[in-house]
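The file upload.txt contains compact mmCIF, C-alpha atoms and all ligand atoms:
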# COMPACT_ATOMS: atom_id res chain seq x y z
CA MET A 1 56.29 48.32 18.18
CA ALA A 2 57.25 51.80 19.03
CA GLY A 3 56.64 54.24 16.24
CA LYS A 4 57.08 57.93 15.63
CA GLY A 5 55.76 59.95 18.54
CA GLY A 6 55.73 56.89 20.78
CA ALA A 7 52.45 55.33 19.60
CA MET A 8 52.74 51.71 18.61
CA SER A 9 52.03 50.27 15.20
CA VAL A 10 51.10 46.65 14.62
CA HIS A 11 50.28 45.43 11.15
CA GLY A 12 49.87 49.04 10.09
CA ARG A 13 47.31 49.56 12.86
CA ARG A 14 48.05 52.32 15.36
CA VAL A 15 47.37 51.15 18.88
CA SER A 16 47.95 52.82 22.18
CA ARG A 17 50.81 51.82 24.41
CA ARG A 18 48.21 50.83 27.03
CA ASP A 19 46.58 48.34 24.67
CA PHE A 20 49.97 46.91 23.83
CA LEU A 21 50.83 46.44 27.46
CA LYS A 22 47.46 44.91 28.24
CA ALA A 23 48.33 42.18 25.78
CA ALA A 24 51.73 41.68 27.41
CA GLY A 25 50.36 39.59 30.26
CA THR A 26 50.93 36.37 28.35
CA ALA A 27 54.20 37.38 26.80
CA GLY A 28 55.57 33.85 26.87
CA LEU A 29 57.54 34.01 30.08
CA ALA A 30 57.16 32.07 33.27
CA SER A 31 55.02 29.02 33.70
CA ALA A 32 53.17 28.89 36.99
CA GLY A 33 54.82 25.56 37.86
CA ALA A 34 58.29 27.03 37.59
CA ALA A 35 58.11 28.34 41.13
CA ALA A 36 58.71 24.82 42.46
CA LEU A 37 62.09 24.55 40.74
CA PRO A 38 65.39 25.45 42.41
CA SER A 39 66.72 28.96 42.78
CA CYS A 40 69.41 30.22 40.41
CA GLY A 41 70.99 32.42 43.09
CA GLY A 42 74.73 32.06 42.82
CA LEU A 43 74.53 28.96 40.60
CA THR A 44 77.01 28.51 37.85
CA THR A 45 75.88 26.83 34.66
CA GLY A 46 78.95 24.73 34.01
CA VAL A 47 79.61 26.83 30.94
CA ARG A 48 82.78 28.85 30.75
CA ALA A 49 81.91 32.54 30.66
CA GLY A 50 83.15 34.09 27.44
CA ALA A 51 83.96 31.03 25.30
CA ALA A 52 86.48 31.81 22.58
CA ASP A 53 84.04 32.82 19.87
CA SER A 54 81.23 34.14 22.07
CA LEU A 55 79.55 37.50 21.60
CA ARG A 56 80.62 38.59 25.07
CA ARG A 57 84.27 37.87 24.32
CA LEU A 58 84.09 39.85 21.09
CA ALA A 59 82.20 42.69 22.78
CA ALA A 60 84.65 42.88 25.66
CA LYS A 61 87.51 43.35 23.20
CA LYS A 62 85.68 46.46 21.95
CA GLY A 63 84.89 47.69 25.45
CA LEU A 64 81.18 47.04 24.93
CA VAL A 65 78.73 45.48 27.37
CA ILE A 66 76.33 43.15 25.56
CA GLY A 67 73.42 42.31 27.80
CA SER A 68 70.12 40.48 27.87
CA ALA A 69 66.92 40.60 29.84
CA PHE A 70 66.65 37.71 32.28
CA SER A 71 63.67 35.74 33.50
CA PRO A 72 64.31 33.62 36.62
CA ALA A 73 61.32 31.44 35.71
CA ALA A 74 62.74 30.60 32.27
CA PHE A 75 66.10 29.88 33.85
CA ARG A 76 64.57 27.47 36.35
CA LYS A 77 62.70 25.38 33.85
CA ASP A 78 65.19 25.34 31.03
CA PRO A 79 68.92 24.52 31.51
CA GLN A 80 69.97 25.79 28.09
CA TYR A 81 68.67 29.24 28.95
CA GLY A 82 71.32 29.92 31.59
CA GLU A 83 74.07 28.20 29.64
CA ILE A 84 73.63 30.43 26.62
CA LEU A 85 73.17 33.58 28.66
CA ALA A 86 76.40 33.00 30.55
CA ARG A 87 78.30 32.07 27.41
CA GLU A 88 77.16 34.94 25.20
CA PHE A 89 76.44 37.94 27.41
CA ASN A 90 78.39 40.02 29.90
CA GLY A 91 75.38 42.11 30.96
CA LEU A 92 72.03 41.28 32.57
CA VAL A 93 68.82 43.13 33.25
CA ALA A 94 65.75 41.83 35.08
CA GLU A 95 62.85 41.71 32.65
CA ASN A 96 60.40 42.15 35.53
CA ALA A 97 61.99 41.27 38.91
CA MET A 98 63.12 44.79 39.83
CA LYS A 99 59.84 46.56 39.13
CA LEU A 100 57.77 48.07 41.94
CA GLU A 101 55.19 45.28 41.82
CA ALA A 102 57.94 42.70 42.29
CA LEU A 103 59.94 44.47 44.99
CA GLN A 104 57.06 45.86 47.05
CA ARG A 105 54.02 43.68 46.40
CA VAL A 106 52.98 44.53 49.96
CA ARG A 107 53.38 48.20 50.72
CA GLY A 108 56.40 48.86 52.92
CA GLN A 109 57.64 45.24 52.73
CA PHE A 110 60.57 44.81 50.41
CA ASP A 111 61.14 41.42 48.81
CA PHE A 112 64.49 41.18 47.05
CA GLY A 113 64.30 37.41 46.53
CA ARG A 114 63.85 37.20 42.76
CA ALA A 115 66.06 40.21 42.13
CA GLU A 116 68.81 38.60 44.19
CA GLU A 117 68.56 35.45 42.09
CA ILE A 118 69.47 37.59 39.13
CA MET A 119 72.26 39.30 41.02
CA GLY A 120 73.59 35.86 41.99
CA PHE A 121 73.60 34.69 38.39
CA ALA A 122 75.33 37.89 37.31
CA ARG A 123 77.96 37.59 40.02
CA ALA A 124 78.65 33.94 39.20
CA HIS A 125 79.18 34.79 35.54
CA ASP A 126 80.85 38.17 35.87
CA MET A 127 78.05 40.17 34.26
CA LYS A 128 77.16 43.84 34.68
CA VAL A 129 73.60 44.53 35.84
CA ARG A 130 71.28 47.31 34.68
CA ALA A 131 68.55 47.88 37.28
CA VAL A 132 65.16 48.86 35.90
CA PRO A 133 63.03 50.80 36.62
CA LEU A 134 62.72 52.59 39.95
CA VAL A 135 59.78 54.71 38.83
CA TRP A 136 57.29 53.73 36.11
CA HIS A 137 53.58 54.16 35.48
CA GLU A 138 53.24 50.39 34.79
CA ALA A 139 54.03 47.21 36.76
CA LEU A 140 52.40 48.60 39.88
CA PRO A 141 51.31 46.52 42.87
CA ASP A 142 47.61 46.45 43.74
CA TRP A 143 48.08 49.07 46.45
CA ALA A 144 49.29 51.64 43.91
CA ARG A 145 47.40 50.71 40.71
CA GLY A 146 44.65 53.18 39.83
CA ARG A 147 45.38 55.23 42.96
CA THR A 148 46.03 58.90 43.54
CA PHE A 149 47.80 59.75 46.80
CA PRO A 150 48.12 63.07 48.64
CA ARG A 151 51.26 64.75 47.25
CA GLN A 152 53.43 64.30 50.33
CA GLU A 153 52.40 60.65 50.72
CA ALA A 154 53.32 59.91 47.10
CA LEU A 155 56.70 61.59 47.55
CA ASP A 156 57.27 59.54 50.71
CA ILE A 157 56.39 56.31 48.87
CA LEU A 158 58.84 57.05 46.07
CA ARG A 159 61.53 58.21 48.45
CA GLU A 160 61.28 55.09 50.59
CA HIS A 161 61.33 52.88 47.51
CA ILE A 162 64.28 54.59 45.85
CA ILE A 163 66.40 54.88 48.99
CA THR A 164 65.70 51.32 50.15
CA VAL A 165 66.28 49.68 46.78
CA MET A 166 69.34 51.67 45.78
CA ARG A 167 71.02 51.20 49.15
CA HIS A 168 70.24 47.48 49.08
CA PHE A 169 72.01 47.04 45.73
CA ARG A 170 74.62 49.76 46.26
CA GLY A 171 77.92 49.11 44.49
CA ARG A 172 76.52 46.22 42.43
CA ILE A 173 74.64 48.04 39.68
CA PHE A 174 76.14 49.26 36.43
CA ALA A 175 73.29 51.68 35.58
CA TRP A 176 69.96 52.59 37.18
CA ASP A 177 66.91 53.47 35.13
CA VAL A 178 65.50 55.88 37.66
CA LEU A 179 62.54 56.81 35.49
CA ASN A 180 60.97 54.92 32.60
CA GLU A 181 58.73 56.21 29.79
CA ALA A 182 57.66 59.49 31.41
CA LEU A 183 57.02 61.40 28.18
CA SER A 184 53.54 61.61 26.72
CA ASP A 185 52.82 59.73 23.51
CA LYS A 186 50.03 62.12 22.65
CA GLY A 187 51.98 65.33 22.31
CA PRO A 188 54.07 67.71 24.38
CA GLY A 189 54.39 67.22 28.08
CA LEU A 190 54.56 64.31 30.46
CA ARG A 191 52.59 61.09 30.42
CA GLU A 192 49.68 61.38 32.84
CA GLU A 193 48.92 57.67 33.37
CA GLY A 194 49.89 56.08 36.66
CA PRO A 195 49.81 57.49 40.19
CA TRP A 196 52.93 59.66 40.25
CA PHE A 197 52.09 62.48 37.84
CA HIS A 198 48.64 63.12 39.28
CA SER A 199 49.62 62.73 42.90
CA ILE A 200 52.74 64.88 42.80
CA GLY A 201 52.68 67.00 39.66
CA PRO A 202 55.30 67.37 36.93
CA ASP A 203 58.08 68.06 39.40
CA TYR A 204 58.00 64.38 40.41
CA VAL A 205 60.61 63.90 37.68
CA GLU A 206 63.29 66.05 39.23
CA ARG A 207 62.37 64.91 42.72
CA VAL A 208 63.04 61.24 41.92
CA TYR A 209 66.45 61.99 40.41
CA HIS A 210 67.46 64.00 43.48
CA MET A 211 66.28 61.14 45.70
CA ALA A 212 68.32 58.65 43.69
CA HIS A 213 71.41 60.82 43.87
CA GLU A 214 70.94 61.15 47.61
CA ALA A 215 70.57 57.36 47.93
CA ASP A 216 73.85 56.72 46.14
CA PRO A 217 75.93 59.66 44.92
CA ASP A 218 78.15 57.28 42.92
CA ALA A 219 75.32 55.67 40.95
CA ALA A 220 74.85 56.22 37.21
CA LEU A 221 71.30 57.54 36.84
CA PHE A 222 69.52 56.96 33.51
CA TYR A 223 66.27 57.94 31.87
CA ASN A 224 64.79 55.18 29.66
CA GLU A 225 62.33 55.72 26.80
CA PHE A 226 60.84 54.03 23.73
CA GLY A 227 59.90 55.31 20.29
CA MET A 228 62.73 57.84 20.08
CA ASP A 229 65.66 55.82 18.83
CA GLY A 230 66.08 57.92 15.69
CA MET A 231 65.31 61.60 15.01
CA SER A 232 61.60 61.58 15.86
CA ASP A 233 59.37 64.29 17.27
CA LYS A 234 59.45 62.44 20.59
CA ALA A 235 63.26 62.37 20.48
CA ASP A 236 63.30 66.13 19.90
CA ARG A 237 60.96 66.67 22.84
CA CYS A 238 63.09 64.43 25.02
CA TYR A 239 66.23 66.28 24.01
CA ARG A 240 64.80 69.69 24.94
CA TRP A 241 63.34 68.32 28.19
CA ILE A 242 66.55 66.66 29.38
CA LYS A 243 68.60 69.68 28.37
CA ASP A 244 66.37 71.83 30.57
CA LEU A 245 66.53 69.36 33.48
CA LEU A 246 70.32 69.29 33.27
CA ALA A 247 70.47 73.08 33.15
CA ARG A 248 68.51 73.10 36.39
CA GLY A 249 70.98 70.75 38.06
CA VAL A 250 68.93 67.55 37.96
CA PRO A 251 71.37 64.62 38.27
CA ILE A 252 70.78 62.62 35.08
CA HIS A 253 73.82 60.85 33.68
CA GLY A 254 72.51 58.65 30.93
CA LEU A 255 69.79 57.95 28.41
CA GLY A 256 68.40 54.52 27.55
CA LEU A 257 67.05 54.05 24.04
CA GLN A 258 64.86 50.95 24.12
CA TYR A 259 65.10 50.13 20.39
CA HIS A 260 62.09 47.89 19.99
CA VAL A 261 61.78 48.01 16.20
CA GLN A 262 60.28 46.16 13.27
CA ALA A 263 62.69 44.71 10.72
CA ASP A 264 60.80 46.52 7.98
CA ALA A 265 60.20 49.80 9.85
CA HIS A 266 63.09 51.08 11.88
CA PRO A 267 64.93 54.37 12.10
CA ALA A 268 67.78 54.98 9.64
CA ALA A 269 71.20 54.27 11.12
CA ALA A 270 72.35 57.81 10.35
CA ASP A 271 69.43 59.19 12.38
CA VAL A 272 70.16 56.88 15.30
CA ALA A 273 73.78 58.01 15.20
CA ARG A 274 72.77 61.69 15.15
CA ASN A 275 70.37 61.17 18.01
CA ILE A 276 72.94 59.38 20.17
CA ARG A 277 75.53 62.02 19.41
CA ARG A 278 73.35 64.95 20.46
CA PHE A 279 72.61 63.31 23.82
CA ASN A 280 76.32 62.51 24.19
CA ASP A 281 77.00 66.17 23.50
CA LEU A 282 74.80 67.03 26.48
CA GLY A 283 77.21 64.96 28.57
CA LEU A 284 74.99 61.86 28.78
CA THR A 285 76.09 58.29 28.26
CA VAL A 286 73.67 56.41 25.99
CA HIS A 287 72.73 52.74 26.33
CA ILE A 288 70.61 50.68 23.95
CA THR A 289 68.43 49.02 26.57
CA GLU A 290 65.73 46.70 25.18
CA LEU A 291 66.73 45.76 21.66
CA ASP A 292 64.57 43.40 19.64
CA VAL A 293 63.82 43.40 15.91
CA TRP A 294 60.35 42.11 15.16
CA LEU A 295 59.35 39.99 12.18
CA LYS A 296 55.85 39.50 10.87
CA LYS A 297 54.49 36.06 11.66
CA GLY A 298 55.41 33.56 8.95
CA ALA A 299 58.77 35.15 8.20
CA GLY A 300 61.02 33.49 5.62
CA PRO A 301 64.80 33.42 4.99
CA ALA A 302 64.90 36.89 3.42
CA ASP A 303 63.24 38.33 6.54
CA PHE A 304 65.86 36.77 8.79
CA GLU A 305 68.56 38.35 6.66
CA ARG A 306 66.83 41.72 6.89
CA GLN A 307 66.60 41.30 10.64
CA ALA A 308 70.29 40.42 10.82
CA ALA A 309 71.14 43.61 8.96
CA VAL A 310 69.23 45.69 11.52
CA TYR A 311 71.05 44.01 14.40
CA ARG A 312 74.38 44.56 12.69
CA GLU A 313 73.57 48.20 12.03
CA ILE A 314 72.68 49.06 15.62
CA PHE A 315 75.82 47.39 16.98
CA GLU A 316 77.95 49.23 14.44
CA THR A 317 76.22 52.48 15.34
CA ALA A 318 76.79 51.94 19.06
CA LEU A 319 80.45 51.13 18.50
CA ALA A 320 80.94 54.22 16.35
CA ALA A 321 79.14 56.57 18.75
CA PRO A 322 81.13 58.83 21.06
CA LYS A 323 79.66 57.21 24.18
CA CYS A 324 77.35 54.23 23.79
CA PRO A 325 79.13 51.49 25.73
CA ALA A 326 76.24 49.06 26.28
CA VAL A 327 73.70 47.25 24.11
CA PHE A 328 71.10 45.18 25.96
CA LEU A 329 68.67 42.85 24.16
CA TRP A 330 65.19 42.28 25.57
CA GLY A 331 65.88 38.57 25.91
CA PHE A 332 67.84 36.36 23.53
CA THR A 333 65.63 33.42 22.55
CA ASP A 334 62.31 33.53 20.72
CA ARG A 335 61.16 30.86 23.16
CA TYR A 336 60.69 33.57 25.81
CA SER A 337 59.86 36.93 24.27
CA TRP A 338 57.22 39.52 25.00
CA VAL A 339 56.71 40.16 21.26
CA PRO A 340 54.02 37.59 20.28
CA GLY A 341 51.95 38.46 23.36
CA ILE A 342 52.14 42.22 22.96
CA SER A 343 51.37 42.09 19.23
CA ASN A 344 48.53 39.58 19.52
CA GLY A 345 50.57 37.09 17.54
CA THR A 346 51.12 39.30 14.50
CA TYR A 347 54.85 39.69 15.20
CA ASP A 348 57.37 37.18 16.49
CA GLN A 349 60.96 35.96 16.30
CA GLY A 350 62.53 39.26 17.32
CA LEU A 351 65.59 37.83 19.06
CA ILE A 352 68.88 36.23 18.00
CA PHE A 353 68.27 32.57 18.94
CA ASP A 354 65.23 30.67 17.76
CA ARG A 355 62.87 28.70 19.99
CA GLU A 356 65.22 25.69 19.88
CA TYR A 357 68.20 27.86 20.85
CA ARG A 358 69.69 27.75 17.37
CA PRO A 359 71.55 30.97 16.50
CA LYS A 360 69.83 32.95 13.76
CA PRO A 361 71.54 35.06 11.08
CA ALA A 362 71.25 37.98 13.53
CA TYR A 363 73.69 36.21 15.84
CA GLU A 364 76.39 36.05 13.19
CA ALA A 365 75.61 39.62 12.14
CA ILE A 366 76.33 40.88 15.65
CA ALA A 367 79.51 38.82 15.78
CA ALA A 368 80.56 40.36 12.46
CA ALA A 369 79.90 43.86 13.77
CA LEU A 370 81.99 43.11 16.84
CA ARG A 371 84.96 41.62 14.97
O1 LIG B 401 54.23 36.94 37.02
C1 LIG B 401 52.83 36.92 36.69
C2 LIG B 401 52.30 35.55 36.82
O2 LIG B 401 52.37 35.17 38.17
C3 LIG B 401 50.85 35.53 36.32
O3 LIG B 401 50.38 34.23 36.32
C4 LIG B 401 50.78 36.08 34.88
C5 LIG B 401 49.34 36.15 34.36
O4 LIG B 401 49.19 37.20 33.44
O5 LIG B 401 51.31 37.37 34.87
C6 LIG B 401 52.67 37.38 35.25
O6 LIG B 401 53.21 38.65 35.20
C7 LIG B 401 53.35 39.22 33.91
C8 LIG B 401 54.83 39.43 33.64
O7 LIG B 401 55.00 40.14 32.43
C9 LIG B 401 55.59 38.12 33.53
O8 LIG B 401 55.05 37.34 32.50
C10 LIG B 401 52.61 40.54 33.91
O9 LIG B 401 51.23 40.30 33.99
C11 LIG B 401 52.93 41.30 32.63
O10 LIG B 401 52.35 42.60 32.73
C12 LIG B 401 54.41 41.42 32.47
O11 LIG B 401 54.67 42.12 31.28
C13 LIG B 401 55.93 42.75 31.25
C14 LIG B 401 55.71 44.24 30.93
O12 LIG B 401 56.94 44.87 30.77
C15 LIG B 401 54.98 44.95 32.07
O13 LIG B 401 55.73 44.92 33.25
C16 LIG B 401 56.75 42.09 30.16
O14 LIG B 401 57.09 40.76 30.56
C17 LIG B 401 58.05 42.88 29.95
O15 LIG B 401 58.71 42.37 28.81
C18 LIG B 401 57.71 44.34 29.70
O16 LIG B 401 58.92 45.06 29.61
C19 LIG B 401 58.79 46.44 29.25
C20 LIG B 401 59.89 47.19 29.93
O17 LIG B 401 59.84 46.99 31.34
C21 LIG B 401 59.80 48.67 29.62
N1 LIG B 401 59.84 48.90 28.18
C22 LIG B 401 58.84 48.16 27.43
C23 LIG B 401 58.92 46.67 27.74
C24 LIG B 401 57.89 45.93 26.97
O18 LIG B 401 56.59 46.35 27.37
What is this structure when it is put down as structure tokens?
Ligand code: G3I
Amino acid sequence: MAGKGGAMSVHGRRVSRRDFLKAAGTAGLASAGAAALPSCGGLTTGVRAGAADSLRRLAAKKGLVIGSAFSPAAFRKDPQYGEILAREFNGLVAENAMKLEALQRVRGQFDFGRAEEIMGFARAHDMKVRAVPLVWHEALPDWARGRTFPRQEALDILREHIITVMRHFRGRIFAWDVLNEALSDKGPGLREEGPWFHSIGPDYVERVYHMAHEADPDAALFYNEFGMDGMSDKADRCYRWIKDLLARGVPIHGLGLQYHVQADAHPAAADVARNIRRFNDLGLTVHITELDVWLKKGAGPADFERQAAVYREIFETALAAPKCPAVFLWGFTDRYSWVPGISNGTYDQGLIFDREYRPKPAYEAIAAALR
């Protein structure tokens, strides 16, 4: 769970982001056997998009996009997964299928297969797609993991990736996270993990935004970050950094606040509102991009109510903000969530449907916020 300054805290224990992500490998997603099942590209689910009382119908009335992360593997093995997604959400984001390791497992060979399955599902159900992330220090293919490249070679790799991917999906993407989690968790400055900072230097940040703008001048280009949803030190650093980038003409149009929080340790709504407003005042659109609200294992009814209140609060805050027109959840059912894996089983049940696809109090709380 993202805490102040970007470090993560589990059970009161501070752990590094790296350790968290190491544990994410078994985050309850695809089963290996799922690959044999049929593709979801272009399939409808038989469920009418936007049923009368659905969250997406309520959100649309308020001009809000309500989205969820999508796992093609979960969709293939579990019919209810797609039915509920199509019924309740009008936005979609690939949990993993648009990352570098998925799109370019072999260097220079682009594989859009899984990403296109998601695009097909979104098209069939009239959903807006966030594309994430073009540049990140994680989710790297073998050919890039642990590597440092000569500066020009690294720039060429990123340029080819950004131009190829953005032109492939041109006109079909609601928002691009060009860069993900570039700020250091340890203090001022940029994160140094991954190949891009060391190979290119700090100016890789502005270079990738210029490349993205060149690839598609009409695209909405976002920066996405965790642990800075309220008024934290990291949020202050991000604010100053983006303000400076904008002053130097770097084409950044939006900010994604991930909003992975614990039900009993989350930023105050007033702070989230202030934070969103100051980025809006810089001219940026803000999206909530990866919302989940974690509960300690063994949670009881009072915890679910507390969780519901947090969900309600963030939707109300987004609706009241000058420009926060999208809230994306990092999945929707506890059956497939990264939370138990990343927290070594100490947290769970962070989403709005339980493992049996029953709506939790958080579902009704969102509906209430949207009414
Ligand atoms: O697909 C392989 C599978 O073939 C293999 O058998 C299995 C064995 O470990 O790994 C599978 O890939 C894993 C993938 O999730 C799908 O389960 C990766 O190892 C694992 O690293 C990956 O974790 C993802 C993580 O990002 C790193 O890419 C999580 O699902 C995903 O929820 C998480 O999402 C990130 C956002 O992109 C950025 N913000 C934070 C968020 C949570 O860390």
Subject >> Separation of atom CA of A:Ile288 from atom CA of A:Tyr336 in Å >> reply: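 These two atoms are separated by 19.9 Å.
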Original post:
Using all atoms listed in the file, which residues sit within 8 Å of A:Asp271 once same-chain residues fewer than 4 positions away are excluded, as a ChimeraX atom specification?
Top reply: /A:230-231,267,275
Original post:
Looking at A:Val165, A:Ala270, A:Leu257, A:Ile157, which one is nearest to A:Phe328, with distances taken over all atoms listed in the file?
Top reply: A:Leu257
**OP:** Name the closest residue to A:Phe75 among the candidates A:Ala220, A:Ile118, A:Ala97, A:Leu134; distances are taken between atoms, counting all atoms listed in the file.
**Re:**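 So, comparing all the options, the nearest one is A:Ile118.
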Subject >> Shell around stretch 104-108 of chain A at 8 Å using only C-alpha atoms, local window under 4 positions removed, as a list in words >> reply: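 Residues meeting the cut-off are Leu100, Pro141, Asp142 and Trp143 of chain A.
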Original post:
Out of A:Ala367, A:Leu179, A:Leu282, A:Ile163, which residue has the shortest atom-to-atom distance to A:Lys61 when counting only C-alpha atoms?
Top reply: A:Ala367
**OP:** Quick one: everything within 7 Å of A:Ala94, counting all atoms listed in the file, minus sequence neighbours fewer than 2 positions away in the same chain. Send it as a ChimeraX atom specification.
**Re:** /A:69-71,92,96-98,118
Subject >> atom O10 of ligand LIG 401 (chain B) to atom CA of A:Pro150, distance in Å rounded to a single decimal >> reply: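 Computed distance, atom O10 of ligand LIG 401 (chain B) to atom CA of A:Pro150, equals 26.3 Å.
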Original post:
Got a sec: who's within 10 Å of A:Leu155, counting only C-alpha atoms, leaving out chain neighbours fewer than 5 positions off, as a PyMOL selection string?
Top reply: chain A and resi 149-150+160-161+196+199-200+204+207-208+211
Step by step, gather every atom of stretch 198-201 of chain A that the file lists, find the box along x, y and z that holds them, add 4 Å on each side, and finally give centre and edge lengths in Å to one decimal, as JSON.
{"center_x": 50.7, "center_y": 64.9, "center_z": 41.1, "size_x": 12.1, "size_y": 12.3, "size_z": 11.6}
Original post:
With only C-alpha atoms as the basis for distance, which of A:Pro217, A:Gly146, A:Gly67, A:Gly283 is at the shortest distance from A:Lys243?
Top reply: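 Result for the nearest residue to A:Lys243: A:Gly283.
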Subject >> Shortest interatomic distance to ligand LIG 401 (chain B) - which of A:Ile84, A:Val261, A:Ala320, A:Val250, counting only C-alpha atoms and all ligand atoms >> reply: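 Smallest distance to ligand LIG 401 (chain B) is found for A:Val261.
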